[in-house]
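Asker: First, the structure itself, so that you have it in front of you.
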Amino acid sequence: MNQSTSIYERAGRTPLRDVRRLGALIGGGALAIYGMSRRSRLGMALAAGGGALAYAGTRSRAQRSNPIAHSTVLLNCAPEEAYRFWRNFENLPTFMHHLESVQQTGDRQSKWIAIGPMGKRVSWEAEITGEKENEYISWRSLPGSEIDVKGDVEFKRALADRGTIITARVRYSTPAGLLGEKLAKFMGKDPSFLMTQDLRRLKALIEAGEIPTTEGQSHGPRDRMTAVARTLDPDRPLGREARIGEVLSARRRVS
Amino acid sequence: MKAVCWMGPNKMSVETVPDPTILNPRDAIVRITSTCICGSDLHLYNGFMPTMEQGDIIGHEFMGEVMEVGAGISAEKLKVGDRVVVPFTIACGRCFFCQKQLWSCCDNSNPNYWVAEKLMGFSPSGLFGYTHMLGGYAGGQAQYARVPFADVGPLKIPDGIPDEKVIFLSDIFPTGYFGALNADIEQGDTVAIWGCGPVGQFAIRSALMLGAERVIAIDRFEYRLQMARDGGAETINYEDVDDVVQVLKDMTGNIGPDRCIDAVGMEAHTDSALYAYDRAKQMLRLETDRPFALRQAIQACRKGGTVSVPGVYGGFVDKMPMGAFVNKGLAMKTGQTHMMRFMKPLLERIERGEIDPSFVVSHRVPLNQAPEMYKIFNNKQDNCTKVVLDPWADGAVAA
């Protein structure tokens with residue numbers, strides 16, 4: 001797969017972005033420390049806001065207009081099994097949380113719908129551009145789509161027959177404009193991190209037959225700090241109304 | 001249902017919460033008949049474990065009756081009405097680690113894998129009723145619990161054995177046994193064990209089962225030391241001696257114990273000036289764990305010996321005597337217990353009458369009294385070693 005590496009070169013860092021990031025980190029950190037020193041409700045709010053700003057500072061490096069998701073995982077199964085599961089693109093939304101659906105429209109064509117920020121849907125048509133059974137699949141969006149997507153996945157038998165190493169790469173880019181902005185934000189949660197989470201869910205699905213979860217389990221009254229922490233959780237998909245509702249309904253306990 | 005919820009450091013409360021439901025095909029719902037407070041719950045109580053959230057249902061030592069099973073569980077594995085002990089670690093049974101019997105390292109049971117990965121490189125398995133970093137699964141100090149991968153973990157218990165004899169198969173008996181097993185005990189060995197809490201007590205008895213010639217147990221509470229002596233150990237009350245390491249040398253002809261077991265963990269206590277130092281650093285969050293027992297174990301261990309650590313550590317320790325560890329050629333073994341490896345064989349030992357684990361129980365109370373029992377257990381008041389809670393006793397009636 002070496003020949004495809006150059007397509008996915010990472011966007012370079014710019015000095016301006018670094019300055020902004022450092023500013024958010026220092027400013028946010030200072031606000032958080034000041035807020036905590038106030039020991040009051042307002043102080044806590046300041047601290048939380050500052051913390052969020054500093055947190056954004058640490059993460060903003062991931063906010064590129066041309067995000068590349070790249071990750072790899074070892075599955076305890078044969079390459080044939082992993083390949084077969086992936087090759088049916090309609091299976092992808094079961095472990096890729098930002099996808100709402102993928103519909104096979106032909107042997108090599110498919111229609112994808114992703115969930116963007118605030119639940120906004122983005123859709124595109126894609127075609128398979130190359131594949132070798134049980135080894136790799138690559139695909140890209142059709143020309144003229146509102147979003148340009150290129151992806152490939154490789155299935156390789158691990159040494160000593162210890163399963164299959166899957167390596168997946170997806171690059172998203174947009175012509176320009178608002179949609180691009182929104183998409184960048186949506187992907188701003190660090191695309192490679194999201195990809196790693198996707199592959200980990202795939203691993204659980206193939207190995208254990210289900211994806212581990214605690215969503216929907218019982219709990220006692222939550223407080224606001226928990227609500228803040230949950231909105232900042234980088235693994236929490238945006239735009240799933242039910243989950244945002246859960247965060248907002250987290251109530252402070254009256255003791 | 002009623003459940004014990006973590007509402008902040010030093011704040012446990014019994015809340016009425018929704019009954020659990022099946023969320024995944026391999027889930028089961030268990031109606032809990034007995035549940036316990038574990039020493040590791042005290043780390044949560046004291047607020048030293050990061051990634052807790054207010055409202056979390058805690059507890060990871062429980063047993064009961066299967067009420068409901070998911071569509072992914074076959075009847076020969078588990079069915080409604082089965083009486084089971086639930087291990088505190090959750091394992092999928094099919095990943096690389098489960099297949100190597102490293103159950104507590106399961107790759108697929110922690111939905112918050114990435115959080116643990118940041119701190120530890122990789123994540124261990126999910127646990128019941130513990131931090132979100134370790135899964136954030138609702139725990140078993142409640143009337144019902146949801147048990148994921150219920151075809152792998154729960155051990156069926158025949159009728160006729162009382163709860164109290166088998167409940168500790170959920171954690172502390174296998175954990176104490178694993179601590180002793182990890183010490184690689186050879187015939188004739190002297191084993192020193194720091195901490196005479198429940199895990200230490202089971203480690204003492206397991207070390208003797210595994211062929212130790214002599215066990216020396218270390219603690220500062222006389223009632224716990226008495227229990228250790230009842231189990232066949234010699235004891236040191238470290239508050240009565242100047243230097244535990246020197247005493248251990250004196251007791252072993254200056255060669256040191258062959259195997260040392262730290263059954264204390266991150267909230268150790270000691271008399272030395274180092275206590276104030278580590279305690280202060282812990283309060284300032286410069287260090288998460290206070291490793292006195294571990295430092296002493298490394299210092300005291302004979303050359304070429306083994307240090308086994310069943311005690312819980314959550315983050316980072318300071319002033320680890322690495323020089324002693326390396327130059328004496330020690331080995332260290334640790335880990336959350338690979339529960340499914342030990343539950344069945346230990347149940348058989350109980351059935352054969354080789355051990356009756358109920359000796360550790362000091363308090364039996366309704367679930368409603370859990371908050372005050374946390375206080376008593378934490379302060380080691382009232383000769384408290386182990387609290388068993390009854391979720392259905394008077395005053396704990398379901399909502």
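Chain labels follow the order of the structure tokens: the first chain is A, the next B, and so on; residue numbering restarts at 1 in every chain, and ligands are counted from 1 in their shown order.
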Can I get the residues of chain A within 9 Å of chain B, each with the closest pair of atoms and their distance in Å to one decimal, using only C-alpha atoms, sorted chain first then ascending number, as a tab-separated table?

Answerer:
```
residue	atom	partner	partner_atom	distance
A:Leu75	CA	B:Cys95	CA	8.2
A:Asn76	CA	B:Cys95	CA	6.1
A:Arg162	CA	B:Phe96	CA	8.2
A:Gly163	CA	B:Phe96	CA	8.9
A:Phe193	CA	B:Trp114	CA	9.0
A:Gln197	CA	B:Trp114	CA	7.9
A:Arg200	CA	B:Asn108	CA	8.1
A:Arg201	CA	B:Asn108	CA	8.4
A:Lys203	CA	B:Asn108	CA	7.6
A:Ala204	CA	B:Asn108	CA	5.2
A:Leu205	CA	B:Asn108	CA	8.8
A:Glu207	CA	B:Arg94	CA	5.9
A:Ala208	CA	B:Cys92	CA	5.7
A:Gly209	CA	B:Pro25	CA	8.5
A:Glu210	CA	B:Asn24	CA	6.9
A:Ile211	CA	B:Asn108	CA	7.7
A:Pro212	CA	B:Pro111	CA	5.3
A:Thr213	CA	B:Pro111	CA	5.6
A:Thr214	CA	B:Tyr137	CA	6.1
A:Glu215	CA	B:Leu23	CA	8.1
A:Gly216	CA	B:Leu23	CA	7.4
A:Gln217	CA	B:Pro20	CA	6.1
A:Ser218	CA	B:Pro18	CA	5.7
A:His219	CA	B:Gly55	CA	5.5
A:Gly220	CA	B:Gly55	CA	3.9
A:Pro221	CA	B:Gly55	CA	4.9
A:Arg222	CA	B:Gly55	CA	5.1
A:Asp223	CA	B:Gln54	CA	6.2
A:Met225	CA	B:Glu53	CA	8.4
A:Thr226	CA	B:Glu53	CA	6.0
A:Asp235	CA	B:Asn112	CA	8.5
A:Arg253	CA	B:Met7	CA	8.8
```

Asker: Selection from above, N, CA and C atoms, as a CSV table (one decimal), in the first residue's frame, can you write it?

Answerer:
```csv
chain,number,residue,atom,x,y,z
A,75,LEU,N,-7.3,-8.0,14.8
A,75,LEU,CA,-8.6,-8.7,15.0
A,75,LEU,C,-8.2,-10.2,15.2
A,76,ASN,N,-8.9,-10.8,16.1
A,76,ASN,CA,-8.7,-12.2,16.4
A,76,ASN,C,-9.6,-13.0,15.4
A,162,ARG,N,-1.7,-14.9,14.2
A,162,ARG,CA,-2.4,-14.3,15.4
A,162,ARG,C,-3.5,-13.4,15.0
A,163,GLY,N,-4.2,-13.7,13.9
A,163,GLY,CA,-5.3,-12.9,13.5
A,163,GLY,C,-5.0,-12.0,12.3
A,193,PHE,N,-8.5,9.6,15.9
A,193,PHE,CA,-9.1,9.0,17.1
A,193,PHE,C,-10.4,8.4,16.9
A,197,GLN,N,-11.6,4.5,17.3
A,197,GLN,CA,-12.8,4.0,18.0
A,197,GLN,C,-13.6,3.2,17.1
A,200,ARG,N,-12.1,-0.2,16.9
A,200,ARG,CA,-12.2,-0.9,18.1
A,200,ARG,C,-13.6,-1.5,18.3
A,201,ARG,N,-14.6,-0.8,17.8
A,201,ARG,CA,-16.0,-1.3,17.8
A,201,ARG,C,-16.1,-2.5,16.8
A,203,LYS,N,-13.7,-4.5,16.1
A,203,LYS,CA,-13.0,-5.6,16.7
A,203,LYS,C,-14.0,-6.3,17.7
A,204,ALA,N,-14.7,-5.5,18.5
A,204,ALA,CA,-15.6,-6.1,19.5
A,204,ALA,C,-16.7,-6.9,18.8
A,205,LEU,N,-17.2,-6.2,17.7
A,205,LEU,CA,-18.3,-6.8,16.9
A,205,LEU,C,-17.9,-8.2,16.4
A,207,GLU,N,-15.2,-10.1,17.2
A,207,GLU,CA,-14.7,-11.1,18.2
A,207,GLU,C,-15.8,-11.5,19.1
A,208,ALA,N,-16.5,-10.5,19.7
A,208,ALA,CA,-17.4,-10.8,20.8
A,208,ALA,C,-18.8,-10.8,20.4
A,209,GLY,N,-19.1,-10.4,19.1
A,209,GLY,CA,-20.4,-10.5,18.6
A,209,GLY,C,-21.3,-9.3,19.0
A,210,GLU,N,-20.7,-8.3,19.8
A,210,GLU,CA,-21.5,-7.2,20.2
A,210,GLU,C,-20.5,-6.1,20.6
A,211,ILE,N,-21.0,-4.8,20.6
A,211,ILE,CA,-20.1,-3.7,21.0
A,211,ILE,C,-20.4,-3.4,22.5
A,212,PRO,N,-19.4,-3.4,23.3
A,212,PRO,CA,-19.7,-3.1,24.8
A,212,PRO,C,-20.3,-1.7,25.0
A,213,THR,N,-21.2,-1.6,25.8
A,213,THR,CA,-21.8,-0.3,26.1
A,213,THR,C,-22.3,-0.1,27.5
A,214,THR,N,-22.4,1.1,27.9
A,214,THR,CA,-23.1,1.4,29.2
A,214,THR,C,-24.2,2.4,28.9
A,215,GLU,N,-24.4,2.8,27.6
A,215,GLU,CA,-25.5,3.7,27.3
A,215,GLU,C,-26.8,3.2,27.6
A,216,GLY,N,-27.6,3.9,28.5
A,216,GLY,CA,-28.9,3.4,28.8
A,216,GLY,C,-29.0,2.6,30.1
A,217,GLN,N,-27.8,2.5,30.8
A,217,GLN,CA,-27.9,1.7,32.0
A,217,GLN,C,-28.4,2.7,33.2
A,218,SER,N,-28.7,2.1,34.3
A,218,SER,CA,-29.2,2.8,35.4
A,218,SER,C,-28.1,3.7,36.1
A,219,HIS,N,-28.5,4.8,36.6
A,219,HIS,CA,-27.6,5.5,37.5
A,219,HIS,C,-28.4,6.5,38.4
A,220,GLY,N,-27.7,7.0,39.4
A,220,GLY,CA,-28.4,7.9,40.3
A,220,GLY,C,-28.3,9.3,39.7
A,221,PRO,N,-28.7,10.3,40.5
A,221,PRO,CA,-28.7,11.7,39.9
A,221,PRO,C,-27.3,12.2,39.5
A,222,ARG,N,-27.2,12.7,38.3
A,222,ARG,CA,-26.0,13.3,37.8
A,222,ARG,C,-25.9,14.8,38.2
A,223,ASP,N,-24.7,15.3,38.2
A,223,ASP,CA,-24.5,16.8,38.5
A,223,ASP,C,-24.0,17.5,37.2
A,225,MET,N,-21.2,19.0,36.6
A,225,MET,CA,-19.8,18.7,36.2
A,225,MET,C,-19.8,17.5,35.3
A,226,THR,N,-20.7,16.5,35.7
A,226,THR,CA,-20.7,15.3,34.9
A,226,THR,C,-21.3,15.7,33.5
A,235,ASP,N,-15.3,10.9,22.5
A,235,ASP,CA,-15.9,9.7,21.9
A,235,ASP,C,-17.4,9.8,21.7
A,253,ARG,N,-28.1,17.3,42.1
A,253,ARG,CA,-28.8,16.8,43.3
A,253,ARG,C,-29.0,17.8,44.3
```

Asker: Hey, what's within 8 Å of range 96-113 of chain A if we count only C-alpha atoms and toss same-chain stuff fewer than 5 positions away? As a PDB file with C-alpha atoms, in the first residue's frame, please?

Answerer:
```pdb
ATOM      1  CA  ASN A  88     -20.553  -5.358   2.483  1.00  0.00           C
ATOM      2  CA  PHE A  89     -20.454  -1.592   3.016  1.00  0.00           C
ATOM      3  CA  GLU A  90     -23.938  -1.726   4.528  1.00  0.00           C
ATOM      4  CA  ASN A  91     -22.242  -3.167   7.630  1.00  0.00           C
ATOM      5  CA  ARG A 121     -26.952  14.864   7.255  1.00  0.00           C
ATOM      6  CA  VAL A 122     -24.273  14.812   4.579  1.00  0.00           C
ATOM      7  CA  SER A 123     -24.569  12.309   1.772  1.00  0.00           C
ATOM      8  CA  TRP A 124     -22.456  11.175  -1.157  1.00  0.00           C
ATOM      9  CA  GLU A 125     -22.194   8.394  -3.680  1.00  0.00           C
ATOM     10  CA  ALA A 126     -19.069   6.301  -3.798  1.00  0.00           C
ATOM     11  CA  GLU A 127     -17.536   3.633  -5.964  1.00  0.00           C
ATOM     12  CA  ILE A 128     -14.933   0.985  -5.353  1.00  0.00           C
ATOM     13  CA  MET A 195     -11.198   5.970  13.318  1.00  0.00           C
ATOM     14  CA  ASP A 198     -14.530   2.754  14.921  1.00  0.00           C
ATOM     15  CA  LEU A 199     -11.997  -0.028  14.462  1.00  0.00           C
ATOM     16  CA  ARG A 201     -15.957  -1.322  17.795  1.00  0.00           C
ATOM     17  CA  PRO A 237     -20.858  11.476  18.653  1.00  0.00           C
TER      18      PRO A 237
END
```

Asker: Any idea what's packed within 8 Å of Leu389 in chain B, counting only C-alpha atoms, ignoring anything in its chain fewer than 3 positions away? Could you give it as a ChimeraX atom specification?

Answerer: /B:34-37,141,364-367,370

Asker: Just the number, please: distance in Å from CA of Ser123 in chain B to CA of Gly200 in chain B, one decimal.

Answerer: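 Between these atoms lies a distance of 25.9 Å.
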
Asker: Excluding Gly256 in chain B and its own-chain neighbours fewer than 2 positions away, which residues fall within 12 Å of it when counting only C-alpha atoms? Please give them as a ChimeraX atom specification.

Answerer: /B:189-192,216,244-254,258-260,296-306,328

Asker: I need the residues from that last selection saved to file as a PDB file, in the first residue's frame (with C-alpha atoms), if you can.

Answerer:
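As a result, part.pdb now contains:
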```pdb
ATOM      1  CA  ASP B 189       9.248 -20.746  51.395  1.00  0.00           C
ATOM      2  CA  THR B 190       8.636 -17.996  53.894  1.00  0.00           C
ATOM      3  CA  VAL B 191       6.007 -15.559  52.626  1.00  0.00           C
ATOM      4  CA  ALA B 192       5.505 -12.056  54.033  1.00  0.00           C
ATOM      5  CA  ILE B 216       4.332 -13.590  58.257  1.00  0.00           C
ATOM      6  CA  VAL B 244       9.483  -3.783  59.670  1.00  0.00           C
ATOM      7  CA  VAL B 245      12.256  -4.668  57.230  1.00  0.00           C
ATOM      8  CA  GLN B 246      14.727  -5.246  60.081  1.00  0.00           C
ATOM      9  CA  VAL B 247      12.213  -7.375  61.977  1.00  0.00           C
ATOM     10  CA  LEU B 248      11.665  -9.510  58.879  1.00  0.00           C
ATOM     11  CA  LYS B 249      15.432  -9.917  58.544  1.00  0.00           C
ATOM     12  CA  ASP B 250      15.700 -10.927  62.182  1.00  0.00           C
ATOM     13  CA  MET B 251      12.868 -13.427  61.812  1.00  0.00           C
ATOM     14  CA  THR B 252      14.473 -15.095  58.775  1.00  0.00           C
ATOM     15  CA  GLY B 253      18.130 -15.367  59.830  1.00  0.00           C
ATOM     16  CA  ASN B 254      18.949 -12.237  57.844  1.00  0.00           C
ATOM     17  CA  ASP B 258      11.388 -15.531  49.859  1.00  0.00           C
ATOM     18  CA  ARG B 259       8.120 -14.068  48.645  1.00  0.00           C
ATOM     19  CA  CYS B 260       6.534 -10.738  49.514  1.00  0.00           C
ATOM     20  CA  GLN B 296       8.944  -2.230  52.129  1.00  0.00           C
ATOM     21  CA  ALA B 297       8.149  -5.432  50.236  1.00  0.00           C
ATOM     22  CA  ILE B 298      10.895  -4.705  47.690  1.00  0.00           C
ATOM     23  CA  GLN B 299      13.326  -3.762  50.442  1.00  0.00           C
ATOM     24  CA  ALA B 300      12.610  -6.813  52.582  1.00  0.00           C
ATOM     25  CA  CYS B 301      12.449  -9.486  49.880  1.00  0.00           C
ATOM     26  CA  ARG B 302      15.340 -11.939  49.717  1.00  0.00           C
ATOM     27  CA  LYS B 303      17.637 -11.792  46.687  1.00  0.00           C
ATOM     28  CA  GLY B 304      16.074 -13.486  43.680  1.00  0.00           C
ATOM     29  CA  GLY B 305      12.669 -13.536  45.362  1.00  0.00           C
ATOM     30  CA  THR B 306       9.255 -12.513  44.098  1.00  0.00           C
ATOM     31  CA  LYS B 328      18.557  -8.035  44.066  1.00  0.00           C
TER      32      LYS B 328
END
```

Asker: Residues at most 9 Å from Ala69 in chain A, counting only C-alpha atoms, excluding those fewer than 4 positions away in the same chain, as a PyMOL selection string?

Answerer: chain A and resi 168-172+190-196

Asker: As a PyMOL selection string, please: every residue in range 133-348 of chain B that DSSP puts in alpha helix (DSSP H).

Answerer: chain B and resi 163-166+172-182+198-209+222-230+244-251+274-283+292-300+322-327+339-348

Asker: So how far away is CA of Tyr374 in chain B from CA of Ala393 in chain B, in Å?

Answerer: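 CA of Tyr374 in chain B lies at a distance of 18.1 Å from CA of Ala393 in chain B.
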
Asker: Return the single residue from B:Gly59, B:Gly39, B:Gly81, B:Pro87 that is closest to Val264 in chain B, with distances computed using only C-alpha atoms.

Answerer: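 For Val264 in chain B, the nearest of the candidates is B:Gly39.
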
Asker: I want to know what sits within 10 Å of Met343 in chain B, based on only C-alpha atoms, with residues of the same chain fewer than 3 positions away left out; could you give that as a tab-separated table (two decimals) with N, CA and C atoms, in the first residue's frame?

Answerer:
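File result.tsv, as written:
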```tsv
chain	number	residue	atom	x	y	z
B	85	VAL	N	-22.68	-16.60	41.13
B	85	VAL	CA	-21.77	-15.58	41.65
B	85	VAL	C	-21.19	-14.86	40.44
B	86	VAL	N	-21.18	-13.54	40.49
B	86	VAL	CA	-20.71	-12.75	39.35
B	86	VAL	C	-19.31	-12.23	39.64
B	87	PRO	N	-18.32	-12.54	38.78
B	87	PRO	CA	-16.97	-12.03	39.01
B	87	PRO	C	-16.90	-10.52	38.74
B	153	GLY	N	-18.80	-14.93	32.46
B	153	GLY	CA	-18.38	-14.67	33.82
B	153	GLY	C	-19.09	-15.44	34.92
B	154	PRO	N	-20.40	-15.32	35.04
B	154	PRO	CA	-21.10	-15.86	36.21
B	154	PRO	C	-20.86	-17.35	36.42
B	155	LEU	N	-20.61	-17.72	37.66
B	155	LEU	CA	-20.38	-19.12	38.03
B	155	LEU	C	-21.64	-19.66	38.70
B	166	VAL	N	-19.99	-18.53	49.51
B	166	VAL	CA	-19.55	-18.45	48.11
B	166	VAL	C	-19.48	-17.02	47.56
B	168	PHE	N	-17.71	-14.59	48.25
B	168	PHE	CA	-16.36	-14.02	48.09
B	168	PHE	C	-15.62	-14.60	46.89
B	169	LEU	N	-16.27	-15.56	46.20
B	169	LEU	CA	-15.72	-15.99	44.91
B	169	LEU	C	-15.84	-14.87	43.87
B	170	SER	N	-16.62	-13.82	44.20
B	170	SER	CA	-16.81	-12.71	43.26
B	170	SER	C	-15.57	-11.84	43.15
B	171	ASP	N	-14.70	-11.87	44.16
B	171	ASP	CA	-13.49	-11.04	44.10
B	171	ASP	C	-12.43	-11.51	45.09
B	173	PHE	N	-11.63	-13.76	47.44
B	173	PHE	CA	-11.01	-15.08	47.60
B	173	PHE	C	-10.09	-15.36	46.40
B	174	PRO	N	-10.62	-15.30	45.17
B	174	PRO	CA	-9.72	-15.48	44.02
B	174	PRO	C	-8.59	-14.45	43.99
B	338	HIS	N	-7.52	-12.84	37.21
B	338	HIS	CA	-8.14	-13.51	36.06
B	338	HIS	C	-9.20	-14.47	36.60
B	339	MET	N	-10.31	-13.85	37.00
B	339	MET	CA	-11.33	-14.51	37.83
B	339	MET	C	-11.76	-15.88	37.34
B	340	MET	N	-12.05	-15.97	36.03
B	340	MET	CA	-12.66	-17.19	35.51
B	340	MET	C	-11.71	-18.39	35.59
B	346	LEU	N	-11.82	-22.94	43.12
B	346	LEU	CA	-11.96	-22.49	44.51
B	346	LEU	C	-13.34	-22.88	45.06
B	347	LEU	N	-14.37	-22.88	44.19
B	347	LEU	CA	-15.68	-23.36	44.64
B	347	LEU	C	-15.55	-24.82	45.08
B	348	GLU	N	-14.77	-25.59	44.30
B	348	GLU	CA	-14.60	-27.01	44.65
B	348	GLU	C	-13.91	-27.16	46.01
B	349	ARG	N	-12.94	-26.30	46.28
B	349	ARG	CA	-12.28	-26.35	47.60
B	349	ARG	C	-13.29	-26.05	48.72
```

Asker: Measuring between only C-alpha atoms, which one of B:Glu213, B:Asp82, B:Glu354, B:Asp262 shows the shortest distance to Ser308 in chain B?

Answerer: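 Going through B:Glu213, B:Asp82, B:Glu354, B:Asp262 one by one, the smallest distance to Ser308 in chain B is for B:Asp262.
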
Asker: Quick one: pick out all strand (DSSP E or B) residues within range 104-224 of chain A from a backbone DSSP run and write them as a compact mmCIF listing (two decimals) with N, CA and C atoms, in the first residue's frame.

Answerer:
```
# COMPACT_ATOMS: atom_id res chain seq x y z
N GLN A 104 -25.86 -0.24 -0.63
CA GLN A 104 -25.22 -0.72 -1.87
C GLN A 104 -26.17 -0.45 -3.02
N GLN A 109 -20.96 0.26 -6.45
CA GLN A 109 -21.45 1.59 -6.09
C GLN A 109 -22.23 1.56 -4.76
N SER A 110 -22.16 2.66 -4.05
CA SER A 110 -22.90 2.74 -2.79
C SER A 110 -23.26 4.19 -2.49
N LYS A 111 -24.30 4.35 -1.66
CA LYS A 111 -24.73 5.70 -1.26
C LYS A 111 -24.54 5.82 0.25
N TRP A 112 -23.82 6.85 0.66
CA TRP A 112 -23.45 7.01 2.07
C TRP A 112 -24.18 8.20 2.68
N ILE A 113 -24.65 8.07 3.91
CA ILE A 113 -25.20 9.22 4.65
C ILE A 113 -24.47 9.30 6.00
N ALA A 114 -23.82 10.45 6.24
CA ALA A 114 -23.12 10.66 7.51
C ALA A 114 -23.89 11.68 8.34
N ILE A 115 -23.67 11.63 9.66
CA ILE A 115 -24.31 12.60 10.54
C ILE A 115 -23.29 13.66 10.91
N ARG A 121 -27.37 15.99 8.08
CA ARG A 121 -26.95 14.86 7.26
C ARG A 121 -26.10 15.33 6.08
N VAL A 122 -25.08 14.58 5.78
CA VAL A 122 -24.27 14.81 4.58
C VAL A 122 -24.27 13.51 3.80
N SER A 123 -24.55 13.57 2.50
CA SER A 123 -24.57 12.31 1.77
C SER A 123 -23.72 12.38 0.51
N TRP A 124 -23.24 11.25 0.08
CA TRP A 124 -22.46 11.18 -1.16
C TRP A 124 -22.55 9.77 -1.75
N GLU A 125 -22.23 9.70 -3.02
CA GLU A 125 -22.19 8.39 -3.68
C GLU A 125 -20.73 8.00 -3.86
N ALA A 126 -20.46 6.73 -3.69
CA ALA A 126 -19.07 6.30 -3.80
C ALA A 126 -18.97 5.07 -4.68
N GLU A 127 -17.76 4.86 -5.19
CA GLU A 127 -17.54 3.63 -5.96
C GLU A 127 -16.21 3.01 -5.53
N ILE A 128 -16.17 1.70 -5.68
CA ILE A 128 -14.93 0.99 -5.35
C ILE A 128 -13.94 1.23 -6.48
N THR A 129 -12.73 1.64 -6.12
CA THR A 129 -11.73 1.95 -7.14
C THR A 129 -10.69 0.85 -7.27
N GLY A 130 -10.64 -0.02 -6.30
CA GLY A 130 -9.69 -1.12 -6.40
C GLY A 130 -9.96 -2.12 -5.30
N GLU A 131 -9.77 -3.38 -5.58
CA GLU A 131 -9.93 -4.36 -4.51
C GLU A 131 -9.22 -5.65 -4.88
N LYS A 132 -8.74 -6.35 -3.86
CA LYS A 132 -8.21 -7.68 -4.06
C LYS A 132 -8.78 -8.52 -2.94
N TYR A 136 -7.35 -6.10 0.16
CA TYR A 136 -7.62 -4.68 0.33
C TYR A 136 -8.84 -4.24 -0.46
N ILE A 137 -9.38 -3.09 -0.04
CA ILE A 137 -10.47 -2.45 -0.77
C ILE A 137 -10.16 -0.95 -0.76
N SER A 138 -10.33 -0.27 -1.87
CA SER A 138 -10.27 1.19 -1.83
C SER A 138 -11.49 1.75 -2.53
N TRP A 139 -11.90 2.94 -2.12
CA TRP A 139 -13.11 3.54 -2.68
C TRP A 139 -12.95 5.05 -2.70
N ARG A 140 -13.79 5.71 -3.48
CA ARG A 140 -13.81 7.19 -3.44
C ARG A 140 -15.18 7.69 -3.84
N SER A 141 -15.47 8.91 -3.45
CA SER A 141 -16.77 9.48 -3.81
C SER A 141 -16.76 9.82 -5.30
N ASP A 148 -15.72 15.27 -0.84
CA ASP A 148 -14.77 14.39 -1.52
C ASP A 148 -14.20 13.41 -0.50
N VAL A 149 -14.46 12.15 -0.69
CA VAL A 149 -14.01 11.14 0.27
C VAL A 149 -13.15 10.11 -0.45
N LYS A 150 -12.01 9.79 0.14
CA LYS A 150 -11.18 8.71 -0.39
C LYS A 150 -10.86 7.78 0.77
N GLY A 151 -11.04 6.51 0.56
CA GLY A 151 -10.73 5.60 1.67
C GLY A 151 -10.11 4.32 1.17
N ASP A 152 -9.34 3.70 2.02
CA ASP A 152 -8.89 2.35 1.71
C ASP A 152 -8.68 1.56 2.99
N VAL A 153 -8.78 0.27 2.87
CA VAL A 153 -8.59 -0.60 4.03
C VAL A 153 -7.81 -1.82 3.57
N GLU A 154 -6.90 -2.24 4.43
CA GLU A 154 -6.01 -3.35 4.10
C GLU A 154 -6.19 -4.45 5.14
N PHE A 155 -6.23 -5.68 4.70
CA PHE A 155 -6.36 -6.82 5.62
C PHE A 155 -5.12 -7.68 5.48
N LYS A 156 -4.40 -7.86 6.57
CA LYS A 156 -3.13 -8.57 6.47
C LYS A 156 -3.05 -9.61 7.57
N ARG A 157 -2.72 -10.83 7.20
CA ARG A 157 -2.60 -11.88 8.21
C ARG A 157 -1.46 -11.53 9.16
N THR A 164 -5.76 -10.92 12.18
CA THR A 164 -5.69 -10.06 11.01
C THR A 164 -5.43 -8.62 11.45
N ILE A 165 -4.43 -8.00 10.81
CA ILE A 165 -4.21 -6.57 11.08
C ILE A 165 -4.95 -5.78 10.02
N ILE A 166 -5.86 -4.93 10.49
CA ILE A 166 -6.61 -4.07 9.59
C ILE A 166 -6.00 -2.68 9.65
N THR A 167 -5.71 -2.09 8.51
CA THR A 167 -5.26 -0.70 8.48
C THR A 167 -6.21 0.06 7.59
N ALA A 168 -6.82 1.11 8.14
CA ALA A 168 -7.81 1.87 7.38
C ALA A 168 -7.40 3.32 7.30
N ARG A 169 -7.66 3.94 6.16
CA ARG A 169 -7.39 5.37 5.98
C ARG A 169 -8.56 6.00 5.25
N VAL A 170 -9.01 7.14 5.72
CA VAL A 170 -10.06 7.87 5.01
C VAL A 170 -9.67 9.34 4.99
N ARG A 171 -9.78 9.97 3.82
CA ARG A 171 -9.52 11.41 3.73
C ARG A 171 -10.80 12.10 3.29
N TYR A 172 -11.18 13.12 4.05
CA TYR A 172 -12.36 13.91 3.69
C TYR A 172 -11.87 15.27 3.24
N SER A 173 -12.41 15.78 2.15
CA SER A 173 -12.18 17.19 1.85
C SER A 173 -13.42 17.75 1.17
```
